[in-house]
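Okay, protein_26.csv is below, CSV, C-alpha atoms:
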chain,number,residue,atom,x,y,z
A,1,MET,CA,37.0,-5.6,-9.0
A,2,ASN,CA,34.1,-8.0,-8.6
A,3,LYS,CA,31.5,-6.7,-11.1
A,4,HIS,CA,28.9,-9.0,-9.5
A,5,LEU,CA,28.9,-6.9,-6.3
A,6,VAL,CA,27.7,-3.7,-8.0
A,7,HIS,CA,24.4,-5.3,-9.0
A,8,THR,CA,21.4,-5.9,-6.7
A,9,PRO,CA,19.8,-9.3,-6.0
A,10,GLU,CA,16.7,-10.3,-8.0
A,11,GLY,CA,13.6,-8.5,-6.9
A,12,VAL,CA,15.1,-5.3,-5.5
A,13,ARG,CA,16.4,-2.2,-7.1
A,14,ASP,CA,18.2,1.2,-6.5
A,15,ILE,CA,16.1,4.4,-6.7
A,16,TYR,CA,17.9,7.7,-7.0
A,17,GLY,CA,17.8,11.2,-8.5
A,18,GLU,CA,14.6,12.4,-10.2
A,19,GLU,CA,12.8,9.1,-9.7
A,20,PHE,CA,13.4,9.2,-6.0
A,21,ALA,CA,12.3,12.8,-5.9
A,22,ARG,CA,9.0,11.7,-7.5
A,23,LYS,CA,8.6,8.9,-5.0
A,24,LEU,CA,9.1,11.3,-2.1
A,25,LYS,CA,6.6,13.7,-3.6
A,26,ILE,CA,4.0,11.0,-3.9
A,27,GLN,CA,4.5,10.1,-0.2
A,28,HIS,CA,4.3,13.7,0.8
A,29,LEU,CA,1.0,14.3,-1.0
A,30,ILE,CA,-0.5,11.1,0.4
A,31,HIS,CA,0.7,12.0,3.9
A,32,GLU,CA,-1.0,15.4,3.5
A,33,LYS,CA,-4.4,13.6,3.0
A,34,LEU,CA,-3.8,11.1,5.8
A,35,ALA,CA,-3.1,14.0,8.2
A,36,ASN,CA,-6.1,15.8,6.8
A,37,TYR,CA,-8.3,13.0,8.0
A,38,GLY,CA,-6.8,13.0,11.5
A,39,TYR,CA,-4.3,10.0,11.1
A,40,VAL,CA,-1.1,10.2,13.2
A,41,ASP,CA,2.2,8.6,12.3
A,42,ILE,CA,3.4,5.4,13.7
A,43,GLN,CA,6.7,3.5,13.1
A,44,THR,CA,7.0,-0.2,13.8
A,45,PRO,CA,10.2,-2.4,13.5
A,46,THR,CA,11.4,-3.7,10.1
A,47,PHE,CA,11.5,-7.2,11.7
A,48,GLU,CA,9.3,-8.9,14.2
A,49,PHE,CA,8.9,-12.3,15.9
A,50,PHE,CA,7.8,-15.0,13.5
A,51,ASP,CA,4.5,-15.5,15.4
A,52,VAL,CA,3.3,-12.0,14.5
A,53,PHE,CA,3.0,-13.3,10.9
A,54,SER,CA,2.2,-16.9,11.6
A,55,LYS,CA,-0.4,-19.1,9.9
A,56,GLU,CA,-2.7,-18.6,12.9
A,57,ILE,CA,-2.6,-14.8,12.3
A,58,GLY,CA,-3.6,-15.4,8.7
A,59,THR,CA,-1.0,-13.3,6.9
A,60,THR,CA,1.7,-14.2,4.3
A,61,PRO,CA,2.5,-17.9,3.9
A,62,SER,CA,5.6,-19.0,5.8
A,63,LYS,CA,7.5,-20.0,2.6
A,64,GLU,CA,7.3,-16.4,1.4
A,65,LEU,CA,8.8,-14.8,4.6
A,66,TYR,CA,12.4,-13.8,5.0
A,67,LYS,CA,13.3,-15.6,8.2
A,68,PHE,CA,16.4,-15.5,10.3
A,69,PHE,CA,17.5,-16.1,14.0
A,70,ASP,CA,18.7,-13.7,16.7
A,71,LYS,CA,21.5,-14.7,19.2
A,72,GLU,CA,18.9,-16.1,21.6
A,73,GLY,CA,17.5,-18.5,19.0
A,74,ASN,CA,14.2,-16.6,18.4
A,75,THR,CA,12.9,-16.9,14.8
A,76,LEU,CA,12.5,-13.4,13.3
A,77,VAL,CA,11.0,-12.2,10.0
A,78,LEU,CA,11.2,-9.1,7.8
A,79,ARG,CA,7.7,-7.7,7.8
A,80,PRO,CA,5.7,-8.8,4.7
A,81,ASP,CA,3.0,-6.3,5.5
A,82,PHE,CA,2.2,-3.7,8.1
A,83,THR,CA,-1.2,-4.6,9.5
A,84,PRO,CA,-0.2,-7.4,12.0
A,85,SER,CA,2.6,-5.2,13.3
A,86,ILE,CA,0.4,-2.2,13.9
A,87,ALA,CA,-2.3,-4.6,15.5
A,88,ARG,CA,0.4,-5.9,17.9
A,89,CYS,CA,1.6,-2.3,18.6
A,90,ALA,CA,-2.0,-1.1,19.3
A,91,VAL,CA,-2.7,-3.9,21.8
A,92,LYS,CA,0.6,-3.3,23.6
A,93,TYR,CA,0.3,0.5,24.0
A,94,PHE,CA,-3.5,1.1,23.8
A,95,GLU,CA,-5.0,-1.9,25.4
A,96,GLU,CA,-7.1,0.2,27.8
A,97,ASP,CA,-8.3,2.7,25.2
A,98,THR,CA,-12.0,2.6,24.2
A,99,MET,CA,-12.0,5.5,21.7
A,100,PRO,CA,-11.1,5.0,18.0
A,101,ILE,CA,-7.4,5.3,17.1
A,102,ARG,CA,-6.1,6.4,13.7
A,103,PHE,CA,-2.6,5.5,12.6
A,104,SER,CA,-0.7,6.2,9.4
A,105,TYR,CA,2.6,4.7,8.3
A,106,VAL,CA,5.2,4.4,5.6
A,107,GLY,CA,8.0,1.9,5.1
A,108,ASN,CA,9.3,-1.1,3.1
A,109,THR,CA,7.9,-4.6,3.1
A,110,PHE,CA,9.6,-7.8,2.1
A,111,THR,CA,8.2,-10.9,0.3
A,112,ASN,CA,10.5,-13.9,-0.5
A,113,THR,CA,8.7,-15.3,-3.5
A,114,SER,CA,10.2,-16.7,-6.7
A,115,ASN,CA,7.1,-16.2,-8.7
A,116,LEU,CA,7.8,-12.5,-9.2
A,117,GLN,CA,6.0,-11.9,-12.6
A,118,GLY,CA,7.6,-8.5,-12.7
A,119,LYS,CA,6.9,-7.7,-9.0
A,120,LEU,CA,9.5,-6.6,-6.5
A,121,LYS,CA,10.5,-8.4,-3.4
A,122,GLU,CA,10.9,-5.1,-1.6
A,123,VAL,CA,8.3,-2.5,-2.0
A,124,THR,CA,7.3,0.7,-0.2
A,125,GLN,CA,3.9,0.7,1.4
A,126,MET,CA,2.0,3.7,2.9
A,127,GLY,CA,-1.3,3.4,4.5
A,128,ALA,CA,-3.7,3.9,7.4
A,129,GLU,CA,-5.5,1.9,10.1
A,130,LEU,CA,-8.6,2.9,11.9
A,131,ILE,CA,-8.9,0.8,15.1
A,132,GLY,CA,-11.9,0.6,17.5
A,133,ASP,CA,-14.8,1.5,15.2
A,134,ASP,CA,-16.9,-1.2,13.6
A,135,SER,CA,-19.5,1.1,11.9
A,136,ILE,CA,-20.1,1.6,8.2
A,137,TYR,CA,-19.0,5.2,8.7
A,138,SER,CA,-15.4,4.0,9.4
A,139,ASP,CA,-15.7,1.8,6.2
A,140,ALA,CA,-16.8,4.8,4.2
A,141,GLU,CA,-14.2,7.1,5.7
A,142,ILE,CA,-11.4,4.8,4.8
A,143,ILE,CA,-12.6,4.4,1.2
A,144,SER,CA,-13.2,8.2,0.9
A,145,LEU,CA,-9.6,8.7,2.1
A,146,VAL,CA,-8.3,6.4,-0.6
A,147,VAL,CA,-10.2,8.3,-3.3
A,148,ASP,CA,-9.1,11.7,-2.0
A,149,SER,CA,-5.5,10.5,-1.8
A,150,LEU,CA,-5.4,9.2,-5.4
A,151,LEU,CA,-7.0,12.4,-6.6
A,152,HIS,CA,-4.4,14.4,-4.6
A,153,ILE,CA,-1.4,12.8,-6.3
A,154,GLY,CA,-3.0,13.5,-9.8
A,155,LEU,CA,-4.8,10.3,-10.7
A,156,THR,CA,-8.3,10.7,-12.0
A,157,ASP,CA,-9.0,7.5,-13.9
A,158,PHE,CA,-9.3,4.8,-11.3
A,159,GLN,CA,-11.8,2.4,-9.8
A,160,ILE,CA,-12.1,1.0,-6.3
A,161,SER,CA,-13.6,-2.5,-6.3
A,162,ILE,CA,-15.3,-3.5,-3.0
A,163,GLY,CA,-15.9,-7.1,-2.0
A,164,GLU,CA,-17.2,-8.8,1.1
A,165,VAL,CA,-15.4,-11.8,2.7
A,166,ASP,CA,-18.3,-12.7,5.0
A,167,TYR,CA,-20.7,-13.1,2.1
A,168,PHE,CA,-18.5,-15.8,0.7
A,169,LYS,CA,-17.8,-17.3,4.1
A,170,GLY,CA,-21.6,-17.5,4.8
A,171,LEU,CA,-22.1,-19.4,1.5
A,172,CYS,CA,-19.3,-21.8,2.4
A,173,ILE,CA,-20.8,-22.5,5.8
A,174,GLU,CA,-24.2,-23.0,4.1
A,175,ALA,CA,-22.7,-25.5,1.7
A,176,GLY,CA,-21.0,-27.4,4.6
A,177,LEU,CA,-17.4,-26.7,3.6
A,178,ASP,CA,-14.6,-27.1,6.2
A,179,GLU,CA,-12.1,-24.3,6.7
A,180,GLU,CA,-9.4,-26.0,4.7
A,181,THR,CA,-11.6,-26.5,1.7
A,182,GLU,CA,-12.9,-22.9,2.0
A,183,LEU,CA,-9.3,-21.6,1.9
A,184,GLU,CA,-8.5,-23.8,-1.1
A,185,LEU,CA,-11.6,-22.7,-2.9
A,186,ARG,CA,-10.8,-19.0,-2.1
A,187,ASP,CA,-7.4,-19.3,-3.7
A,188,TYR,CA,-9.0,-20.6,-7.0
A,189,ILE,CA,-11.8,-18.1,-7.1
A,190,SER,CA,-9.5,-15.1,-6.3
A,191,ILE,CA,-7.5,-15.9,-9.5
A,192,LYS,CA,-10.6,-16.7,-11.5
A,193,ASN,CA,-9.7,-20.4,-12.0
A,194,PHE,CA,-13.2,-21.7,-12.1
A,195,PHE,CA,-12.3,-25.1,-13.4
A,196,GLY,CA,-10.0,-25.6,-10.4
A,197,ALA,CA,-12.7,-24.3,-8.0
A,198,GLU,CA,-15.3,-26.7,-9.5
A,199,GLU,CA,-12.9,-29.6,-9.2
A,200,VAL,CA,-12.3,-28.9,-5.5
A,201,LEU,CA,-16.1,-28.9,-4.9
A,202,ILE,CA,-16.7,-32.1,-6.9
A,203,ASN,CA,-13.8,-33.9,-5.0
A,204,LYS,CA,-15.4,-32.8,-1.7
A,205,HIS,CA,-18.8,-34.2,-2.9
A,206,ILE,CA,-20.5,-30.9,-2.4
A,207,GLN,CA,-24.1,-30.9,-3.6
A,208,GLU,CA,-24.7,-29.5,-7.1
A,209,LYS,CA,-26.9,-26.7,-6.0
A,210,TYR,CA,-24.2,-25.4,-3.6
A,211,ARG,CA,-21.6,-25.9,-6.3
A,212,LYS,CA,-23.5,-23.6,-8.6
A,213,ILE,CA,-24.1,-21.0,-5.9
A,214,LEU,CA,-20.4,-20.9,-4.9
A,215,LEU,CA,-19.3,-20.6,-8.5
A,216,LYS,CA,-21.9,-18.0,-9.2
A,217,VAL,CA,-20.1,-15.6,-6.8
A,218,SER,CA,-17.6,-14.7,-9.5
A,219,ASP,CA,-20.4,-13.3,-11.6
A,220,LEU,CA,-21.5,-10.9,-8.9
A,221,PHE,CA,-19.6,-7.8,-9.9
A,222,GLY,CA,-20.5,-4.3,-11.2
A,223,SER,CA,-22.7,-1.5,-9.8
A,224,ALA,CA,-24.8,-1.6,-6.6
A,225,ASP,CA,-27.5,-3.4,-8.8
A,226,ILE,CA,-25.7,-6.7,-8.0
A,227,PHE,CA,-27.0,-6.6,-4.4
A,228,GLN,CA,-30.4,-8.0,-5.3
A,229,ASP,CA,-28.9,-10.9,-7.2
A,230,ALA,CA,-26.6,-11.6,-4.3
A,231,LYS,CA,-29.5,-11.8,-1.9
A,232,LYS,CA,-31.4,-14.2,-4.2
A,233,ILE,CA,-28.7,-16.9,-4.1
A,234,ALA,CA,-27.9,-16.6,-0.4
A,235,SER,CA,-30.3,-18.0,2.2
A,236,ASN,CA,-28.0,-17.7,5.3
A,237,GLU,CA,-27.9,-14.9,7.8
A,238,ILE,CA,-24.2,-14.2,7.5
A,239,SER,CA,-24.3,-13.5,3.7
A,240,THR,CA,-27.6,-11.6,3.9
A,241,LYS,CA,-26.3,-9.3,6.6
A,242,SER,CA,-23.1,-8.7,4.7
A,243,ILE,CA,-25.1,-7.5,1.7
A,244,GLU,CA,-27.3,-5.3,3.8
A,245,ARG,CA,-24.1,-3.7,5.2
A,246,LEU,CA,-22.8,-3.1,1.7
A,247,GLU,CA,-26.1,-1.3,0.8
A,248,LYS,CA,-25.8,1.0,3.8
A,249,LEU,CA,-22.1,1.6,3.0
A,250,TYR,CA,-23.0,2.6,-0.6
A,251,GLU,CA,-25.5,5.2,0.8
A,252,VAL,CA,-22.7,6.8,2.9
A,253,LEU,CA,-20.3,6.7,0.0
A,254,CYS,CA,-22.9,8.7,-2.0
A,255,ILE,CA,-22.9,11.3,0.8
A,256,TYR,CA,-19.2,11.5,0.6
A,257,GLY,CA,-19.6,12.0,-3.2
A,258,VAL,CA,-17.2,9.2,-4.2
A,259,GLU,CA,-19.7,6.7,-5.6
A,260,LYS,CA,-18.5,7.2,-9.2
A,261,TYR,CA,-15.1,5.7,-8.2
A,262,VAL,CA,-16.7,2.6,-6.7
A,263,SER,CA,-17.8,-0.8,-8.0
A,264,PHE,CA,-18.5,-4.1,-6.3
A,265,ASP,CA,-17.1,-7.6,-6.8
A,266,LEU,CA,-18.2,-10.4,-4.5
A,267,GLY,CA,-15.8,-12.8,-6.1
A,268,MET,CA,-12.8,-10.7,-4.9
A,269,LEU,CA,-11.0,-12.5,-2.1
A,270,SER,CA,-7.7,-11.8,-0.4
A,271,LYS,CA,-4.7,-14.0,0.4
A,272,TYR,CA,-4.7,-12.4,3.8
A,273,ASN,CA,-7.0,-14.6,5.9
A,274,TYR,CA,-7.3,-12.0,8.7
A,275,TYR,CA,-9.8,-10.0,6.6
A,276,SER,CA,-13.3,-10.3,8.0
A,277,GLY,CA,-15.8,-8.1,6.2
A,278,ILE,CA,-15.4,-5.6,3.4
A,279,ILE,CA,-12.2,-5.8,1.4
A,280,PHE,CA,-11.3,-3.5,-1.5
A,281,GLN,CA,-8.7,-2.9,-4.1
A,282,ALA,CA,-8.0,0.2,-6.3
A,283,TYR,CA,-7.1,-0.2,-10.0
A,284,THR,CA,-5.8,2.2,-12.6
A,285,TYR,CA,-4.2,2.2,-16.0
A,286,GLY,CA,-0.5,1.3,-16.5
A,287,VAL,CA,-0.3,-1.3,-13.7
A,288,GLY,CA,-1.2,-4.9,-13.8
A,289,ASP,CA,-2.1,-5.2,-10.2
A,290,ALA,CA,-4.0,-3.2,-7.6
A,291,VAL,CA,-2.3,0.0,-6.4
A,292,VAL,CA,-4.3,0.0,-3.2
A,293,LYS,CA,-5.4,-2.9,-1.0
A,294,GLY,CA,-7.4,-2.9,2.2
A,295,GLY,CA,-10.3,-4.2,4.2
A,296,ARG,CA,-11.8,-4.8,7.6
A,297,TYR,CA,-10.0,-7.2,10.1
A,298,ASP,CA,-12.3,-7.3,13.2
A,299,ASN,CA,-10.7,-10.5,14.6
A,300,LEU,CA,-7.0,-9.7,14.2
A,301,LEU,CA,-6.3,-7.7,17.3
A,302,LYS,CA,-8.0,-10.5,19.4
A,303,LYS,CA,-5.0,-12.7,18.4
A,304,PHE,CA,-2.7,-10.2,20.3
A,305,GLY,CA,-5.0,-9.9,23.3
A,306,LYS,CA,-7.6,-7.1,22.6
A,307,ASP,CA,-11.0,-7.8,21.1
A,308,THR,CA,-11.6,-4.7,19.0
A,309,PRO,CA,-12.6,-4.0,15.4
A,310,ALA,CA,-10.4,-2.4,12.8
A,311,ILE,CA,-10.1,-1.4,9.1
A,312,GLY,CA,-7.3,-0.2,7.0
A,313,PHE,CA,-5.5,0.0,3.6
A,314,MET,CA,-2.1,0.4,2.1
A,315,PHE,CA,-0.8,2.1,-1.1
A,316,ILE,CA,1.9,0.3,-3.1
A,317,ILE,CA,4.0,3.4,-3.7
A,318,ASP,CA,6.2,1.7,-6.4
A,319,ASP,CA,3.1,0.8,-8.4
A,320,LEU,CA,1.6,4.3,-8.0
A,321,MET,CA,4.9,5.7,-9.6
A,322,SER,CA,4.4,3.3,-12.5
A,323,ALA,CA,0.8,4.3,-13.0
A,324,LEU,CA,1.6,8.1,-13.0
A,325,SER,CA,4.4,7.5,-15.5
A,326,SER,CA,2.3,5.3,-17.8
A,327,GLN,CA,-0.5,7.9,-17.8
A,328,HIS,CA,2.0,10.8,-18.4
A,329,ILE,CA,1.0,12.6,-15.2
A,330,GLU,CA,3.7,15.0,-14.2
A,331,LEU,CA,4.4,15.7,-10.5
A,332,LYS,CA,5.7,19.2,-9.9
A,333,ILE,CA,9.1,18.7,-8.3
A,334,GLU,CA,10.3,22.0,-6.8
A,335,GLN,CA,13.8,23.0,-7.9
A,336,ARG,CA,15.4,23.8,-4.6
A,337,ASN,CA,19.1,23.5,-4.9
A,338,ILE,CA,21.6,26.2,-5.9
A,339,LEU,CA,25.0,25.4,-7.3
A,340,VAL,CA,28.1,27.6,-6.5
A,341,VAL,CA,31.2,26.9,-8.5
A,342,PHE,CA,34.3,28.6,-7.2
A,343,ASP,CA,38.0,29.1,-8.1
A,344,CYS,CA,40.6,27.9,-5.6
A,345,ASP,CA,41.9,31.5,-4.9
A,346,TYR,CA,38.3,32.6,-4.2
A,347,SER,CA,37.5,29.9,-1.6
A,348,LYS,CA,37.2,32.2,1.4
A,349,GLU,CA,34.7,34.5,-0.2
A,350,ALA,CA,32.8,31.5,-1.8
A,351,ILE,CA,32.5,29.6,1.5
A,352,ALA,CA,31.2,32.8,3.2
A,353,PHE,CA,28.7,33.3,0.4
A,354,VAL,CA,27.5,29.7,0.7
A,355,LYS,CA,27.1,30.0,4.5
A,356,LYS,CA,25.0,33.1,4.0
A,357,LEU,CA,22.7,31.4,1.5
A,358,ARG,CA,22.3,28.3,3.7
A,359,ASN,CA,21.5,30.5,6.7
A,360,GLU,CA,18.8,32.1,4.6
A,361,GLY,CA,17.3,28.6,4.1
A,362,GLU,CA,18.7,27.8,0.6
A,363,ASN,CA,20.1,24.4,-0.3
A,364,VAL,CA,23.5,24.9,-1.8
A,365,GLU,CA,26.0,22.6,-3.6
A,366,LEU,CA,29.6,23.9,-3.5
A,367,ILE,CA,32.0,22.7,-6.2
A,368,GLN,CA,35.6,23.8,-6.8
A,369,LYS,CA,36.0,24.5,-10.5
A,370,ASP,CA,38.1,22.1,-12.5
A,371,PRO,CA,40.3,24.1,-14.9
A,372,ALA,CA,39.7,21.4,-17.5
A,373,LYS,CA,35.9,22.1,-17.5
A,374,SER,CA,34.1,25.0,-18.9
A,375,MET,CA,31.2,26.9,-17.2
A,376,GLU,CA,28.9,25.6,-19.9
A,377,GLU,CA,29.6,22.1,-18.7
A,378,TYR,CA,28.7,23.1,-15.1
A,379,LYS,CA,25.5,24.8,-16.4
A,380,LEU,CA,24.6,21.6,-18.3
A,381,PHE,CA,25.2,19.6,-15.1
A,382,ALA,CA,22.9,22.0,-13.2
A,383,ARG,CA,20.1,21.6,-15.8
A,384,ASN,CA,20.3,17.8,-15.7
A,385,LYS,CA,20.0,17.9,-11.9
A,386,GLN,CA,17.2,20.5,-12.1
A,387,ILE,CA,19.2,23.0,-10.1
A,388,LYS,CA,17.4,26.3,-10.0
A,389,ARG,CA,20.4,28.8,-10.0
A,390,VAL,CA,24.1,28.6,-10.7
A,391,TYR,CA,26.7,31.0,-9.3
A,392,TYR,CA,30.4,31.3,-10.4
A,393,ASN,CA,32.1,32.5,-7.3
A,394,GLU,CA,29.4,35.0,-6.3
A,395,THR,CA,28.2,35.9,-9.7
A,396,LEU,CA,24.8,34.6,-11.0
A,397,ILE,CA,25.3,33.0,-14.4

Show me, as structure tokens, the structure contained in the file I just sent.
Amino acid sequence: MNKHLVHTPEGVRDIYGEEFARKLKIQHLIHEKLANYGYVDIQTPTFEFFDVFSKEIGTTPSKELYKFFDKEGNTLVLRPDFTPSIARCAVKYFEEDTMPIRFSYVGNTFTNTSNLQGKLKEVTQMGAELIGDDSIYSDAEIISLVVDSLLHIGLTDFQISIGEVDYFKGLCIEAGLDEETELELRDYISIKNFFGAEEVLINKHIQEKYRKILLKVSDLFGSADIFQDAKKIASNEISTKSIERLEKLYEVLCIYGVEKYVSFDLGMLSKYNYYSGIIFQAYTYGVGDAVVKGGRYDNLLKKFGKDTPAIGFMFIIDDLMSALSSQHIELKIEQRNILVVFDCDYSKEAIAFVKKLRNEGENVELIQKDPAKSMEEYKLFARNKQIKRVYYNETLI
């Protein structure tokens, strides 16, 4: 037997038993909240045409995509995230709609990166997209939904950090940066590599006053008090308007009563270049990365043929499981199964008994008793599997 074949490739793993039950429970609880806010389920294909996730769309870099070819020679990719797929789908089926559309989804995404740092190449994401509404009320709804969902699964100690892509973009335009330099600078600032960011600006001969302003962005984090400092260092309309929008957003979040879970970070930038306004990430203990990521992408659907605004987010379910485990937060998993152990000469009666239980809505496992095993072994087996009742033939034991 080839022992190599029983192992999984690097970056993926098997999930089964109690762990998988916890995962399904988390997804069920989040789905309850998504439905509670009026979001309806959508399912998109696991793979798409390469162009759906191309550089022009502004999604995952090509080198991190799992690419393959179909029989017609088209380049296909396994989806690295859901947002471009749902944007494509919304344009295809709802091009004429003028009212807001709310979608929710769940599924696996795939990123072909060698720089794992403990991360998986295949993860389960679950999220929501609100398409066709560019108001601060849609921003606030999405963030409130994230807060309510995290509370619903049992997390209480978390923080949602909100940034603003347009604030940084306005400063870059003011400093005279071209798009390529802006993207390079964004990469350095997003990982807090200030020496690298400064070197980029020096090499591009950016004036010292603009260098200081762009590097100052990383210091603009904390409570809503940072808005005044942000206004002082920005003298362009794009950046100023973005801060004014954040101020209004904060007022609505206070109405929702979720302000204690919110902070602001104007140095937070995303690797997804399709974001165009507020972006946000949720952090909690026990996980080194954000457990929720999202933001506004008002220009993305235009790439597929419909000029309409949108905002959304996604939970990384695998990381939420780690957070709950690290914080010793127990999810109540209902014990649903019944075990019926029967003797061979009692098979007719046992099968009839099991059919009756199943018709009553019970989930039943049926096992023929091994003469070499005692009933205590079967009871231990049932406890380990969290089976709620055990019958020997038709007798409860």

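For the point (34.4, 30.7, -10.8), the residues with an atom at a distance of at most 7 Å are Val341, Phe342, Asp343, Lys369, Tyr392 and Asn393 of chain A, counting all atoms listed in the file.
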
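Candidate residues A:Arg88, A:Arg13, A:Lys25, A:His328 were compared for distance to A:His152, and the nearest is A:Lys25, using all atoms listed in the file.
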
Notebook entry, point to check: Pick from A:Ser239, A:Ser325, A:Ser190, A:Asn384: nearest to A:Leu215, with only C-alpha atoms counted?
Noted result: A:Ser190

Margin query: So, with all atoms listed in the file as the atoms that count, which of A:Ala323, A:Leu339, A:Ala21, A:Leu201 lies closest to A:Arg383?
Written below: A:Leu339

Notebook entry, point to check: Could you tell me, as number ranges by chain, which residues have any atom at most 10 Å from (12.5, 15.5, -7.9), counting only C-alpha atoms?
Noted result: A: 16-25, 331-336, 385-386

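With distances restricted to all atoms listed in the file, A:Phe49 is the closest residue to A:Thr75 from A:Phe49, A:Ile26, A:Asn299, A:Ala350.
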
Check: Which polymer residues have any atom within 7 Å of an atom of A:Ile316, counting only C-alpha atoms, with same-chain residues fewer than 2 positions away left out, as a ChimeraX atom specification?
Finding: /A:124-126,291-292,314,318-320

Notebook entry, point to check: For A:Asp14, which residue out of A:Phe280, A:Leu120, A:Gly163, A:Leu29 is the nearest one, using all atoms listed in the file?
Noted result: A:Leu120

Next item on the list: Would you kindly return, as a PyMOL selection string, each protein, DNA or RNA residue with an atom no farther than 9 Å from any atom of A:Gly305, considering only C-alpha atoms and excluding same-chain residues fewer than 5 positions away?
Entry: chain A and resi 88+91-92+95

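Minimum atom-to-atom distances from A:Val364, A:Ala197, A:Ile278, A:Ile213 to A:Glu244 were compared using all atoms listed in the file, and the lowest value belongs to A:Ile278.
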
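From atom CA of A:Gly11 back to atom CA of A:Lys121, the distance works out to 4.7 Å.
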
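For the pair atom CA of A:Thr284 and atom CA of A:Gly222, the separation is 16.1 Å.
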
Next item on the list: Between atom CA of A:Lys63 and atom CA of A:Gly294, measure the distance and give it in Å to one decimal.
Entry: 22.7 Å

Note to self: So that I can check the surroundings of A:Lys260, please list as a PyMOL selection string every protein, DNA and RNA residue that reaches within 12 Å of it, counting all atoms listed in the file and ignoring chain neighbours fewer than 4 positions away.
What the structure shows: chain A and resi 144+147+156-161+222-224+250+253-256+264

Using only C-alpha atoms, which protein or nucleic acid residues come within 10 Å of A:Lys55? Drop anything in the same chain fewer than 6 positions from it, and give the result as a short mmCIF file (atom, residue, chain, number, x, y, z; two decimals) with C-alpha atoms, in the frame of the given file.
data_model
loop_
_atom_site.label_atom_id
_atom_site.label_comp_id
_atom_site.auth_asym_id
_atom_site.auth_seq_id
_atom_site.Cartn_x
_atom_site.Cartn_y
_atom_site.Cartn_z
CA PRO A 61 2.50 -17.90 3.90
CA SER A 62 5.60 -19.00 5.80
CA ASN A 273 -7.00 -14.60 5.90
CA TYR A 274 -7.30 -12.00 8.70
#
